[in-house]
Every structure is written in structure tokens, then in C-alpha cells.
file protein35.cif (mmCIF, C-alpha atoms)
data_work
#
loop_
_atom_site.label_atom_id
_atom_site.label_comp_id
_atom_site.auth_asym_id
_atom_site.auth_seq_id
_atom_site.Cartn_x
_atom_site.Cartn_y
_atom_site.Cartn_z
CA MET T 1 18.16 -43.37 35.68
CA SER T 2 16.18 -45.33 33.12
CA SER T 3 13.09 -43.19 33.74
CA PHE T 4 15.18 -40.04 33.18
CA LEU T 5 16.57 -41.43 29.90
CA SER T 6 13.09 -42.40 28.72
CA PHE T 7 11.91 -38.89 29.61
CA ILE T 8 14.76 -37.30 27.64
CA ASN T 9 14.24 -39.63 24.68
CA ASP T 10 10.60 -38.65 24.38
CA LYS T 11 10.22 -36.82 21.05
CA ARG T 12 7.91 -34.13 22.43
CA VAL T 13 10.31 -33.43 25.31
CA ARG T 14 13.28 -33.16 22.95
CA ASP T 15 11.35 -30.79 20.68
CA TRP T 16 10.57 -28.53 23.62
CA LEU T 17 14.19 -28.65 24.86
CA TYR T 18 15.51 -27.71 21.42
CA GLN T 19 13.11 -24.76 21.16
CA ILE T 20 13.98 -23.57 24.68
CA ALA T 21 17.69 -23.80 23.84
CA VAL T 22 17.22 -21.74 20.68
CA VAL T 23 15.21 -19.08 22.54
CA VAL T 24 17.82 -18.87 25.32
CA LEU T 25 20.58 -18.54 22.71
CA LEU T 26 18.77 -15.75 20.86
CA VAL T 27 18.00 -13.88 24.10
CA GLY T 28 21.62 -14.23 25.19
CA LEU T 29 22.94 -12.91 21.88
CA THR T 30 20.50 -9.98 22.01
CA ILE T 31 21.57 -9.06 25.57
CA PHE T 32 25.24 -9.35 24.58
CA PHE T 33 24.91 -7.06 21.57
CA VAL T 34 22.75 -4.50 23.44
CA ARG T 35 25.17 -4.33 26.37
CA ASN T 36 28.15 -4.13 24.06
CA ALA T 37 26.54 -1.28 22.08
CA SER T 38 25.58 0.56 25.30
CA GLU T 39 29.12 0.31 26.70
CA ASN T 40 30.63 1.55 23.44
CA MET T 41 28.19 4.48 23.36
CA VAL T 42 29.09 5.42 26.96
CA LYS T 43 32.81 5.29 26.14
CA ALA T 44 32.22 7.48 23.08
CA GLY T 45 30.19 9.97 25.13
CA ILE T 46 26.99 9.34 23.15
CA ALA T 47 23.77 9.61 25.13
CA SER T 48 21.31 6.72 24.85
CA GLY T 49 17.56 6.51 25.35
CA PHE T 50 14.54 8.04 23.67
CA GLY T 51 14.59 11.44 25.37
CA PHE T 52 15.74 13.01 22.10
CA LEU T 53 12.24 12.54 20.70
CA TRP T 54 11.02 15.54 22.71
CA ARG T 55 13.70 17.92 21.46
CA THR T 56 12.68 20.69 19.09
CA SER T 57 13.07 19.42 15.55
CA GLY T 58 13.89 22.58 13.60
CA ILE T 59 13.64 20.57 10.35
CA GLU T 60 11.51 21.97 7.55
CA VAL T 61 9.39 19.43 5.64
CA PRO T 62 7.94 20.38 2.25
CA PHE T 63 5.09 17.85 2.31
CA VAL T 64 3.11 17.56 5.56
CA LEU T 65 -0.17 15.78 6.31
CA THR T 66 -0.09 15.97 10.12
CA GLY T 67 0.10 19.72 10.81
CA TYR T 68 3.78 19.50 11.74
CA THR T 69 5.91 22.67 11.95
CA GLN T 70 9.60 23.30 12.59
CA ALA T 71 8.80 24.21 16.19
CA ASP T 72 7.45 20.71 16.90
CA ASN T 73 9.53 17.96 18.46
CA ILE T 74 11.31 15.10 16.70
CA LEU T 75 8.46 12.74 17.57
CA GLY T 76 6.23 14.93 15.39
CA LEU T 77 8.79 14.61 12.61
CA PHE T 78 8.68 10.84 13.04
CA TRP T 79 4.88 10.79 12.55
CA VAL T 80 5.24 12.92 9.42
CA GLY T 81 7.54 10.26 7.96
CA VAL T 82 5.14 7.47 8.92
CA ALA T 83 2.15 9.32 7.40
CA ASN T 84 3.99 10.09 4.14
CA THR T 85 5.19 6.48 3.85
CA MET T 86 1.68 5.12 4.46
CA LEU T 87 0.15 7.56 1.97
CA VAL T 88 2.36 6.60 -0.96
CA THR T 89 2.19 2.90 -0.03
CA VAL T 90 -1.61 2.63 0.16
CA ILE T 91 -2.22 4.62 -3.04
CA ALA T 92 0.49 2.69 -4.90
CA ILE T 93 -0.99 -0.67 -3.83
CA VAL T 94 -4.46 0.27 -5.07
CA LEU T 95 -3.29 1.72 -8.40
CA ALA T 96 -0.72 -1.03 -9.05
CA THR T 97 -3.35 -3.71 -8.42
CA ALA T 98 -5.78 -2.08 -10.88
CA LEU T 99 -3.10 -1.59 -13.55
CA GLY T 100 -1.69 -5.07 -12.97
CA PHE T 101 -5.09 -6.69 -13.46
CA VAL T 102 -5.64 -4.75 -16.69
CA VAL T 103 -2.21 -5.64 -18.10
CA GLY T 104 -2.44 -9.27 -16.95
CA ILE T 105 -5.83 -9.77 -18.62
CA ALA T 106 -4.58 -7.96 -21.74
CA ARG T 107 -1.63 -10.37 -21.83
CA LEU T 108 -4.12 -13.23 -22.30
CA SER T 109 -6.16 -11.40 -24.94
CA SER T 110 -6.67 -13.03 -28.33
CA HIS T 111 -5.92 -9.63 -29.89
CA TRP T 112 -2.31 -9.98 -31.07
CA LEU T 113 -1.29 -6.32 -30.78
CA LEU T 114 -2.80 -5.87 -27.31
CA SER T 115 -1.23 -9.10 -26.04
CA THR T 116 2.17 -8.19 -27.50
CA ILE T 117 2.19 -4.70 -25.97
CA ALA T 118 1.21 -6.12 -22.58
CA GLY T 119 3.88 -8.82 -22.83
CA ALA T 120 6.56 -6.30 -23.82
CA TYR T 121 5.62 -4.05 -20.90
CA ILE T 122 5.83 -6.95 -18.44
CA GLU T 123 9.22 -8.14 -19.70
CA PHE T 124 10.60 -4.60 -19.71
CA VAL T 125 9.46 -3.86 -16.16
CA ARG T 126 10.66 -7.13 -14.67
CA ASN T 127 14.19 -6.67 -16.01
CA ILE T 128 14.79 -3.04 -15.00
CA PRO T 129 15.79 -1.92 -11.46
CA LEU T 130 13.22 0.07 -9.51
CA LEU T 131 15.71 2.91 -8.97
CA PHE T 132 15.71 3.47 -12.73
CA PHE T 133 11.93 4.00 -12.65
CA VAL T 134 12.20 6.44 -9.75
CA LEU T 135 14.89 8.51 -11.47
CA PHE T 136 13.15 8.27 -14.84
CA TRP T 137 9.84 9.63 -13.54
CA TYR T 138 11.56 12.32 -11.50
CA PHE T 139 14.19 13.61 -13.95
CA GLY T 140 12.78 12.39 -17.24
CA VAL T 141 9.07 13.12 -16.85
CA ILE T 142 8.36 15.49 -13.95
CA ALA T 143 11.36 17.74 -14.63
CA ALA T 144 10.33 18.00 -18.29
CA LEU T 145 6.96 19.54 -17.40
CA PRO T 146 6.49 23.28 -18.04
CA ALA T 147 7.30 25.99 -15.48
CA PRO T 148 4.51 27.31 -13.20
CA ARG T 149 3.67 30.19 -15.56
CA GLN T 150 3.02 27.67 -18.36
CA SER T 151 1.27 25.11 -16.14
CA ILE T 152 -1.07 22.51 -17.56
CA GLY T 153 -4.51 23.51 -16.26
CA LEU T 154 -6.99 20.85 -15.18
CA PHE T 155 -10.55 22.26 -15.35
CA GLY T 156 -9.17 25.62 -14.29
CA VAL T 157 -8.81 24.61 -10.62
CA ALA T 158 -5.76 22.29 -10.59
CA PHE T 159 -2.39 23.01 -12.17
CA LEU T 160 0.43 20.64 -13.12
CA ASN T 161 4.00 21.86 -13.58
CA ASN T 162 7.58 20.89 -12.78
CA ARG T 163 7.01 21.89 -9.14
CA GLY T 164 4.22 19.38 -8.68
CA LEU T 165 0.45 19.32 -8.79
CA THR T 166 -1.46 22.12 -7.03
CA ILE T 167 -5.08 21.23 -6.21
CA PRO T 168 -7.92 23.07 -4.41
CA LEU T 169 -8.25 22.67 -0.66
CA PRO T 170 -11.61 22.83 1.17
CA ASP T 171 -11.99 25.64 3.70
CA ALA T 172 -14.10 23.38 5.92
CA MET T 173 -14.48 19.59 6.02
CA GLY T 174 -18.02 19.38 7.46
CA ASN T 175 -19.87 18.61 4.22
CA LEU T 176 -17.17 16.24 3.01
CA ARG T 177 -17.31 14.33 6.30
CA ILE T 178 -21.07 13.95 5.91
CA ALA T 179 -20.55 12.65 2.38
CA GLY T 180 -17.93 10.22 3.67
CA LEU T 181 -20.31 8.91 6.33
CA ILE T 182 -23.04 8.47 3.69
CA ILE T 183 -20.64 6.50 1.47
CA LEU T 184 -19.54 4.35 4.42
CA ALA T 185 -23.18 3.64 5.29
CA CYS T 186 -23.85 2.64 1.66
CA VAL T 187 -20.89 0.24 1.68
CA LEU T 188 -22.04 -1.36 4.93
CA ALA T 189 -25.62 -1.57 3.67
CA TYR T 190 -24.51 -3.26 0.45
CA ALA T 191 -22.33 -5.72 2.39
CA ALA T 192 -25.27 -6.62 4.61
CA PHE T 193 -27.56 -6.97 1.58
CA HIS T 194 -25.02 -9.15 -0.21
CA VAL T 195 -24.76 -11.51 2.79
CA TRP T 196 -28.56 -11.67 3.07
CA ALA T 197 -28.96 -12.32 -0.67
CA ARG T 198 -26.38 -15.12 -0.61
CA LYS T 199 -28.01 -16.87 2.35
CA ARG T 200 -31.45 -16.43 0.75
CA GLN T 201 -30.21 -17.96 -2.50
CA GLU T 202 -28.67 -20.93 -0.65
CA ARG T 203 -31.94 -21.44 1.21
CA THR T 204 -34.54 -20.86 -1.54
CA GLY T 205 -32.62 -20.71 -4.82
CA LEU T 206 -34.04 -17.25 -5.56
CA HIS T 207 -31.71 -14.55 -6.92
CA ALA T 208 -31.74 -11.04 -5.48
CA PRO T 209 -31.04 -7.95 -7.66
CA THR T 210 -27.51 -7.50 -6.26
CA LEU T 211 -26.25 -5.74 -9.39
CA ARG T 212 -28.96 -3.06 -9.38
CA VAL T 213 -28.69 -2.59 -5.61
CA GLY T 214 -24.91 -2.39 -5.93
CA LEU T 215 -25.09 0.25 -8.65
CA ALA T 216 -27.46 2.29 -6.51
CA LEU T 217 -25.58 1.97 -3.21
CA LEU T 218 -22.00 1.96 -4.49
CA LEU T 219 -22.27 4.30 -7.47
CA ALA T 220 -25.38 6.48 -7.63
CA VAL T 221 -25.66 7.51 -3.97
CA PRO T 222 -21.89 8.13 -3.48
CA VAL T 223 -21.75 10.25 -6.67
CA LEU T 224 -24.74 12.32 -5.54
CA ALA T 225 -23.29 12.70 -2.03
CA LEU T 226 -19.88 13.80 -3.33
CA THR T 227 -21.46 16.17 -5.84
CA TRP T 228 -23.52 17.80 -3.10
CA ALA T 229 -20.48 18.03 -0.78
CA VAL T 230 -18.27 19.57 -3.48
CA LEU T 231 -20.87 22.15 -4.48
CA ALA T 232 -21.76 23.04 -0.89
CA THR T 233 -18.14 23.50 0.23
CA ARG T 234 -16.03 26.62 -0.20
CA TRP T 235 -12.67 25.82 -1.81
CA ASP T 236 -9.29 27.51 -1.64
CA VAL T 237 -8.43 27.50 -5.37
CA PRO T 238 -4.74 27.98 -6.30
CA VAL T 239 -3.86 31.33 -7.92
CA LEU T 240 -0.68 32.19 -9.82
CA ARG T 241 1.22 34.85 -7.93
CA GLY T 242 4.71 35.72 -9.05
CA PHE T 243 6.62 32.62 -10.04
CA ASN T 244 4.43 30.01 -8.39
CA TYR T 245 0.88 29.20 -7.32
CA ARG T 246 -0.43 30.23 -3.92
CA GLY T 247 -3.29 28.61 -2.06
CA GLY T 248 -4.68 25.12 -2.30
CA PHE T 249 -2.54 22.07 -1.56
CA ALA T 250 0.69 21.34 -3.43
CA VAL T 251 1.48 17.70 -4.20
CA ILE T 252 5.25 17.80 -4.51
CA PRO T 253 6.94 16.30 -7.60
CA GLU T 254 8.84 13.80 -5.44
CA PHE T 255 5.57 12.23 -4.34
CA VAL T 256 4.23 12.07 -7.91
CA ALA T 257 7.47 10.55 -9.23
CA LEU T 258 7.74 7.95 -6.46
CA LEU T 259 4.08 6.99 -6.78
CA ALA T 260 4.32 6.63 -10.57
CA ALA T 261 7.49 4.54 -10.23
CA LEU T 262 5.98 2.19 -7.63
CA VAL T 263 2.76 1.77 -9.64
CA THR T 264 4.34 1.12 -13.05
CA TYR T 265 7.04 -1.15 -11.60
CA THR T 266 4.84 -3.26 -9.30
CA ALA T 267 2.06 -3.56 -11.91
CA GLY T 268 4.38 -5.61 -14.14
CA PHE T 269 4.83 -8.25 -11.44
CA ILE T 270 1.14 -8.22 -10.47
CA ALA T 271 0.25 -8.69 -14.15
CA GLU T 272 2.23 -11.94 -14.24
CA ILE T 273 0.53 -13.09 -11.04
CA VAL T 274 -2.86 -12.37 -12.62
CA ARG T 275 -1.92 -14.20 -15.81
CA GLY T 276 -0.69 -17.25 -13.89
CA GLY T 277 -3.77 -17.27 -11.65
CA ILE T 278 -6.18 -17.12 -14.58
CA GLN T 279 -4.34 -19.86 -16.47
CA SER T 280 -4.41 -22.07 -13.38
CA VAL T 281 -8.22 -22.30 -13.63
CA SER T 282 -9.31 -25.39 -15.51
CA HIS T 283 -10.49 -24.75 -19.06
CA GLY T 284 -13.51 -26.89 -18.26
CA GLN T 285 -14.73 -24.12 -15.97
CA THR T 286 -14.86 -21.60 -18.83
CA GLU T 287 -16.53 -24.18 -21.07
CA ALA T 288 -19.15 -24.76 -18.37
CA GLY T 289 -19.74 -21.01 -18.19
CA SER T 290 -20.19 -20.87 -21.96
CA ALA T 291 -22.59 -23.80 -21.80
CA LEU T 292 -24.68 -21.84 -19.31
CA GLY T 293 -24.93 -18.97 -21.78
CA LEU T 294 -22.55 -16.58 -20.03
CA ARG T 295 -20.67 -14.03 -22.12
CA SER T 296 -16.86 -13.91 -22.04
CA GLY T 297 -16.85 -10.93 -19.69
CA GLN T 298 -19.26 -12.65 -17.31
CA ILE T 299 -17.20 -15.83 -17.39
CA LEU T 300 -14.08 -13.86 -16.48
CA ARG T 301 -15.82 -11.93 -13.69
CA LEU T 302 -18.04 -14.67 -12.23
CA VAL T 303 -16.12 -17.89 -12.90
CA THR T 304 -12.44 -17.36 -13.62
CA ILE T 305 -11.35 -14.49 -11.36
CA PRO T 306 -12.99 -15.84 -8.14
CA GLN T 307 -11.20 -19.16 -8.58
CA ALA T 308 -7.94 -17.54 -9.67
CA LEU T 309 -7.86 -15.36 -6.54
CA ARG T 310 -7.12 -18.44 -4.44
CA VAL T 311 -3.86 -18.82 -6.35
CA MET T 312 -3.10 -15.11 -6.65
CA ILE T 313 -3.45 -13.93 -3.04
CA PRO T 314 -0.17 -15.33 -1.57
CA PRO T 315 2.11 -13.82 -4.27
CA LEU T 316 0.04 -10.60 -4.23
CA THR T 317 0.82 -10.33 -0.52
CA ASN T 318 4.53 -10.44 -1.33
CA GLN T 319 4.11 -7.66 -3.89
CA TYR T 320 2.20 -5.48 -1.43
CA LEU T 321 4.99 -5.93 1.12
CA ASN T 322 7.50 -5.05 -1.59
CA VAL T 323 5.61 -1.81 -2.27
CA LEU T 324 5.93 -0.90 1.41
CA LYS T 325 9.65 -1.63 1.47
CA ASN T 326 10.34 -0.11 -1.95
CA SER T 327 8.78 3.18 -0.83
CA SER T 328 12.11 3.81 0.90
CA PHE T 329 13.58 4.47 -2.57
CA GLY T 330 11.96 7.88 -2.22
CA ALA T 331 15.09 8.88 -0.30
CA ALA T 332 16.93 8.89 -3.66
CA ILE T 333 14.84 11.89 -4.79
CA ALA T 334 14.38 13.48 -1.34
CA TYR T 335 10.76 12.43 -0.85
CA PRO T 336 10.10 13.06 2.88
CA ASP T 337 9.23 9.51 3.89
CA LEU T 338 10.24 7.73 7.10
CA VAL T 339 13.72 6.80 5.87
CA SER T 340 14.54 10.23 4.47
CA LEU T 341 13.20 12.25 7.42
CA PHE T 342 13.90 10.03 10.41
CA MET T 343 16.89 7.93 9.39
CA GLY T 344 18.30 10.86 7.45
CA SER T 345 17.59 14.31 8.87
CA ALA T 346 16.74 13.31 12.45
CA LEU T 347 19.70 10.93 12.73
CA ASN T 348 22.12 13.57 11.45
CA ASN T 349 20.78 16.12 13.95
CA THR T 350 20.74 13.87 17.02
CA GLY T 351 23.25 11.09 16.38
CA GLN T 352 20.89 8.56 18.08
CA ALA T 353 21.59 5.90 15.46
CA ILE T 354 20.53 2.79 17.37
CA GLU T 355 17.24 4.21 18.64
CA ILE T 356 16.28 5.76 15.31
CA ILE T 357 17.14 2.65 13.30
CA ALA T 358 15.26 0.47 15.81
CA MET T 359 12.14 2.65 15.61
CA THR T 360 12.26 2.69 11.81
CA LEU T 361 12.61 -1.08 11.63
CA ALA T 362 9.75 -1.48 14.12
CA VAL T 363 7.43 0.68 11.97
CA TYR T 364 8.15 -1.31 8.81
CA LEU T 365 7.76 -4.57 10.73
CA VAL T 366 4.41 -3.58 12.27
CA ILE T 367 2.97 -2.30 8.98
CA GLY T 368 4.25 -5.37 7.11
CA LEU T 369 2.73 -7.75 9.66
CA ALA T 370 -0.58 -5.85 9.46
CA VAL T 371 -0.62 -6.18 5.65
CA SER T 372 0.20 -9.89 5.93
CA ALA T 373 -2.53 -10.42 8.53
CA ILE T 374 -5.17 -8.72 6.37
CA MET T 375 -4.17 -10.67 3.25
CA ASN T 376 -3.98 -13.97 5.15
CA TRP T 377 -7.46 -13.33 6.58
CA TYR T 378 -8.81 -12.68 3.09
CA ASN T 379 -6.99 -15.74 1.75
CA ALA T 380 -8.62 -17.91 4.42
CA ARG T 381 -11.98 -16.25 3.70
CA ILE T 382 -11.98 -17.29 0.04
CA ALA T 383 -10.29 -20.66 0.45
CA LEU T 384 -12.14 -23.78 -0.60
CA VAL T 385 -13.81 -25.54 2.32
CA THR T 386 -13.22 -29.29 2.22
CA ARG T 387 -14.42 -32.04 4.49
#
call {"tool": "encode", "arguments": {"input": "protein35.cif", "output": "C-alpha cells"}}
result
Amino acid sequence: MSSFLSFINDKRVRDWLYQIAVVVLLVGLTIFFVRNASENMVKAGIASGFGFLWRTSGIEVPFVLTGYTQADNILGLFWVGVANTMLVTVIAIVLATALGFVVGIARLSSHWLLSTIAGAYIEFVRNIPLLFFVLFWYFGVIAALPAPRQSIGLFGVAFLNNRGLTIPLPDAMGNLRIAGLIILACVLAYAAFHVWARKRQERTGLHAPTLRVGLALLLAVPVLALTWAVLATRWDVPVLRGFNYRGGFAVIPEFVALLAALVTYTAGFIAEIVRGGIQSVSHGQTEAGSALGLRSGQILRLVTIPQALRVMIPPLTNQYLNVLKNSSFGAAIAYPDLVSLFMGSALNNTGQAIEIIAMTLAVYLVIGLAVSAIMNWYNARIALVTR
């Protein structure tokens, strides 16, 4: 008996027992709720399972990236929603990060007017609901654009109006794929050169011309490759026929409004993260940079920002996850994202509420965990290494 009591009183054993008890409780609750929901669905005559995914959809989608048509099944509709959600999320993250860095640095500027404008923008954004931004861009900006006959022309090949942005579409992707492969090769080559130059500097103290090589590999060659691909490709240019443009690819106004709302809203929060990260760097670091003869721009780029990133990455991860979740606000203006198409149209057509909601939650969870994993890897990559 005493040996059993000493075994139970062992801290490690108790910790394991508590964790096992919690897991058993959670599994039991999950089984109870699933069985209860299944029994209620059977009593109500509602079919369960995922067989509905192979039914013909019959739902028209105005913005498609996957080749979906009304004759496809509901699973195809699901992938349209995932693709549209990912598209607006990725573009919004990139643009919001760029705008947030600009506004955050401007907030710290010694120029009074620039700093005041940046500060006013940040305070305005952080105290206004996101739904206001979505409705403002959709009804206040996009809807105020001219009709298709009075479209705003962009270089004579793209046209902006209250029905969206119509852009040229390539007839064949062969040349553009070659250009993409060239750009990818340049990025990989520069990454390899950067690693070699860093190790060489640590070993010999000699500096490699990383800036010149970077300009050549990341700017000159990609520009030449894209220029060649654009000139060598035949394009389907939009043409005004009747009351709207035909041909090309139409970026619907709902996408433009949602993207603009996510970018302008999230940039205000990222700007504050940038400001806090920069101010967390010791002033002695900037003084040391000045003592070495670095200009203010070089100090910011080479000394301040690399150290500030260690503080900025965790809250930036939260903002990126917020962009993913906030993309569901597109349902307010009928943007065909995952929530609007799958939890809206597909659920109304099939009535498979539990399965559809579970699949939608799983998609957001998987994408969110992937974003967190990437940001955590980068955070560990730039963390200070201590003994």
C-alpha cells in the first residue's frame, strides 16, 4: 500500500494522470455531442455524411480561379472558396505589411507634418470597426467610380469602373512560365550567394558585393525576363462591347473593396508594431552606427530593423492570422470566399450544416497553423543565439 501511495504521490505520475483525465474528458464530450447531433439529425430526417460533396452544384460564381462551372460538383465549389480566400489573404498580407512599415517609420519621422498624418491615420484605423472599411470601400469608393462607358483607362489595356477592374489575359502561359522559372532561379542563386558571402566574411573578414549582385539577380534579370515574356505573349485585351467590356479577366469590385479594406485596416496595427519594435532598439545602437559613418537610411536598414524584427515577429503573426479570419467579412458584400460560397450558398442548397461548418473550420485552422508555423520558423531563425 505504501509503495502505491508513493507511486501516486510522485509529481510526474500525477501530471500524467491529470493530462490523461483531461484527454478522456474531452474525448467523451466530443463523442457525446457527435452522437447527440447524429441522433437528432436522424430524427429530423436529415442525411449525414460527406456524399453531398459530389452532387452537382448548380451555383454560379462571378469570380473563379480554378476553372469551376455550374455543372461541377459542390467539392469544386468548395475549392473555389478556398482559392478566393487564399488569394485575398496573401495579397492583403503583403500589401498591409509594406504599407504598415511605411506608416510606422513615418510615425517616427522628425518631420512634424508627416509624423502627425501617420499618427492620425493610425489612431483613426485602430478605433473604427473593420466592417466600416469594407462598406466604405465598396459603397463609398468603388460604387462612385464611372460606368463602363466612361471607364478610367490604364495604358489603354486595363479599365477601371464601378463593375471592377478588367485586365488583359494571356492566350498562352508558356513564355510567362519560363520567365517565372528564371526569376525563381535568380532568387535561389542570390540566396546561395548571400549564404556563401556571409560565411566568407565570417571566415576572412572580406566583404562580397551583395548589393550589386542583388540588384542584378533580383531586379535587372527579372525585369528583362518579364519584359521579354510580356512582349512575346499574345494577350486578350478587353474591348468595350455594348454596356460592358468583353475579353480579358475581370477583377470584381467585391474583391477590390475587400482587399483595400483589409490592407488599410491591418496596416494601422502593423504600423504600431513597427513603431514599437524600432523604439525597442537601444539608442546606443544608432549612435554606434553613426560613429561608423553610416547614413540614417543605412542605420535603419542595417542596424535598427534587423534588431527590431525580433520584437515585431510575434505580434505580426497575430495580425497575419487576423487578416485570414477577417477575410470572412467579404460575405457582407457578397465576395465569393469560403464563408460566402460554402457556408452560405452550399449550406442553403444542401442543408448539411454540421459537415459544411466542420470543413470550413478545418480550412481556417489548417491555414492558420501553417501561417503560425512559417512565422515561428522565421522567428527562431532570427533569434539571438546565447550560450
call {"tool": "closest_residue", "arguments": {"input": "protein35.cif", "among": "T:Val339, T:Met312, T:Val223, T:Val363", "to": "Ala179 in chain T", "atoms": "only C-alpha atoms"}}
result
T:Val223
call {"tool": "resolve_selection", "arguments": {"input": "protein35.cif", "expression": "the PyMOL selection byres ((chain T and resi 123) around 12)", "output": "PDB file with C-alpha atoms, keeping the file's coordinate frame"}}
result
ATOM      1  CA  VAL T 103      -2.210  -5.640 -18.100  1.00  0.00           C
ATOM      2  CA  ARG T 107      -1.630 -10.370 -21.830  1.00  0.00           C
ATOM      3  CA  THR T 116       2.170  -8.190 -27.500  1.00  0.00           C
ATOM      4  CA  ILE T 117       2.190  -4.700 -25.970  1.00  0.00           C
ATOM      5  CA  ALA T 118       1.210  -6.120 -22.580  1.00  0.00           C
ATOM      6  CA  GLY T 119       3.880  -8.820 -22.830  1.00  0.00           C
ATOM      7  CA  ALA T 120       6.560  -6.300 -23.820  1.00  0.00           C
ATOM      8  CA  TYR T 121       5.620  -4.050 -20.900  1.00  0.00           C
ATOM      9  CA  ILE T 122       5.830  -6.950 -18.440  1.00  0.00           C
ATOM     10  CA  PHE T 124      10.600  -4.600 -19.710  1.00  0.00           C
ATOM     11  CA  VAL T 125       9.460  -3.860 -16.160  1.00  0.00           C
ATOM     12  CA  ARG T 126      10.660  -7.130 -14.670  1.00  0.00           C
ATOM     13  CA  ASN T 127      14.190  -6.670 -16.010  1.00  0.00           C
ATOM     14  CA  ILE T 128      14.790  -3.040 -15.000  1.00  0.00           C
ATOM     15  CA  TYR T 265       7.040  -1.150 -11.600  1.00  0.00           C
ATOM     16  CA  ALA T 267       2.060  -3.560 -11.910  1.00  0.00           C
ATOM     17  CA  GLY T 268       4.380  -5.610 -14.140  1.00  0.00           C
ATOM     18  CA  PHE T 269       4.830  -8.250 -11.440  1.00  0.00           C
ATOM     19  CA  ALA T 271       0.250  -8.690 -14.150  1.00  0.00           C
ATOM     20  CA  GLU T 272       2.230 -11.940 -14.240  1.00  0.00           C
TER      21      GLU T 272
END
call {"tool": "resolve_selection", "arguments": {"input": "protein35.cif", "expression": "the PyMOL selection byres ((chain T and resi 360) around 12)", "output": "MDAnalysis selection string"}}
result
chainID T and resid 78:79 81:82 85 325 328 337:344 346:347 353:359 361:367
call {"tool": "write_last_selection", "arguments": {"input": "protein35.cif", "atoms": "C-alpha atoms", "output": "CSV table (one decimal), keeping the file's coordinate frame"}}
result
chain,number,residue,atom,x,y,z
T,78,PHE,CA,8.7,10.8,13.0
T,79,TRP,CA,4.9,10.8,12.6
T,81,GLY,CA,7.5,10.3,8.0
T,82,VAL,CA,5.1,7.5,8.9
T,85,THR,CA,5.2,6.5,3.8
T,325,LYS,CA,9.6,-1.6,1.5
T,328,SER,CA,12.1,3.8,0.9
T,337,ASP,CA,9.2,9.5,3.9
T,338,LEU,CA,10.2,7.7,7.1
T,339,VAL,CA,13.7,6.8,5.9
T,340,SER,CA,14.5,10.2,4.5
T,341,LEU,CA,13.2,12.2,7.4
T,342,PHE,CA,13.9,10.0,10.4
T,343,MET,CA,16.9,7.9,9.4
T,344,GLY,CA,18.3,10.9,7.4
T,346,ALA,CA,16.7,13.3,12.4
T,347,LEU,CA,19.7,10.9,12.7
T,353,ALA,CA,21.6,5.9,15.5
T,354,ILE,CA,20.5,2.8,17.4
T,355,GLU,CA,17.2,4.2,18.6
T,356,ILE,CA,16.3,5.8,15.3
T,357,ILE,CA,17.1,2.6,13.3
T,358,ALA,CA,15.3,0.5,15.8
T,359,MET,CA,12.1,2.6,15.6
T,361,LEU,CA,12.6,-1.1,11.6
T,362,ALA,CA,9.8,-1.5,14.1
T,363,VAL,CA,7.4,0.7,12.0
T,364,TYR,CA,8.2,-1.3,8.8
T,365,LEU,CA,7.8,-4.6,10.7
T,366,VAL,CA,4.4,-3.6,12.3
T,367,ILE,CA,3.0,-2.3,9.0
call {"tool": "resolve_selection", "arguments": {"input": "protein35.cif", "expression": "the PyMOL selection byres ((chain T and resi 52) around 8)", "output": "list in words"}}
result
Gly49, Phe50, Gly51, Leu53, Trp54, Arg55, Ile74, Thr350 and Gln352 of chain T
call {"tool": "write_last_selection", "arguments": {"input": "protein35.cif", "atoms": "C-alpha atoms", "output": "PDB file, in the frame of the given file"}}
result
ATOM      1  CA  GLY T  49      17.560   6.510  25.350  1.00  0.00           C
ATOM      2  CA  PHE T  50      14.540   8.040  23.670  1.00  0.00           C
ATOM      3  CA  GLY T  51      14.590  11.440  25.370  1.00  0.00           C
ATOM      4  CA  LEU T  53      12.240  12.540  20.700  1.00  0.00           C
ATOM      5  CA  TRP T  54      11.020  15.540  22.710  1.00  0.00           C
ATOM      6  CA  ARG T  55      13.700  17.920  21.460  1.00  0.00           C
ATOM      7  CA  ILE T  74      11.310  15.100  16.700  1.00  0.00           C
ATOM      8  CA  THR T 350      20.740  13.870  17.020  1.00  0.00           C
ATOM      9  CA  GLN T 352      20.890   8.560  18.080  1.00  0.00           C
TER      10      GLN T 352
END
call {"tool": "closest_residue", "arguments": {"input": "protein35.cif", "among": "T:Leu316, T:Ala288, T:Ala189, T:Ala98", "to": "Val213 in chain T", "atoms": "only C-alpha atoms"}}
result
T:Ala189
call {"tool": "closest_residue", "arguments": {"input": "protein35.cif", "among": "T:Leu176, T:Ala260, T:Ile91, T:Ala21", "to": "Thr227 in chain T", "atoms": "only C-alpha atoms"}}
result
T:Leu176
call {"tool": "closest_residue", "arguments": {"input": "protein35.cif", "among": "T:Leu169, T:Arg203, T:Val281, T:Arg275", "to": "Ser115 in chain T", "atoms": "all atoms listed in the file"}}
result
T:Arg275
call {"tool": "atom_distance", "arguments": {"input": "protein35.cif", "atom1": "CA of Thr97 in chain T", "atom2": "CA of Ile270 in chain T"}}
result
6.7 Å
call {"tool": "atom_distance", "arguments": {"input": "protein35.cif", "atom1": "CA of Gln285 in chain T", "atom2": "CA of Val94 in chain T"}}
result
28.6 Å
call {"tool": "atom_distance", "arguments": {"input": "protein35.cif", "atom1": "CA of Leu77 in chain T", "atom2": "CA of Leu262 in chain T"}}
result
23.9 Å
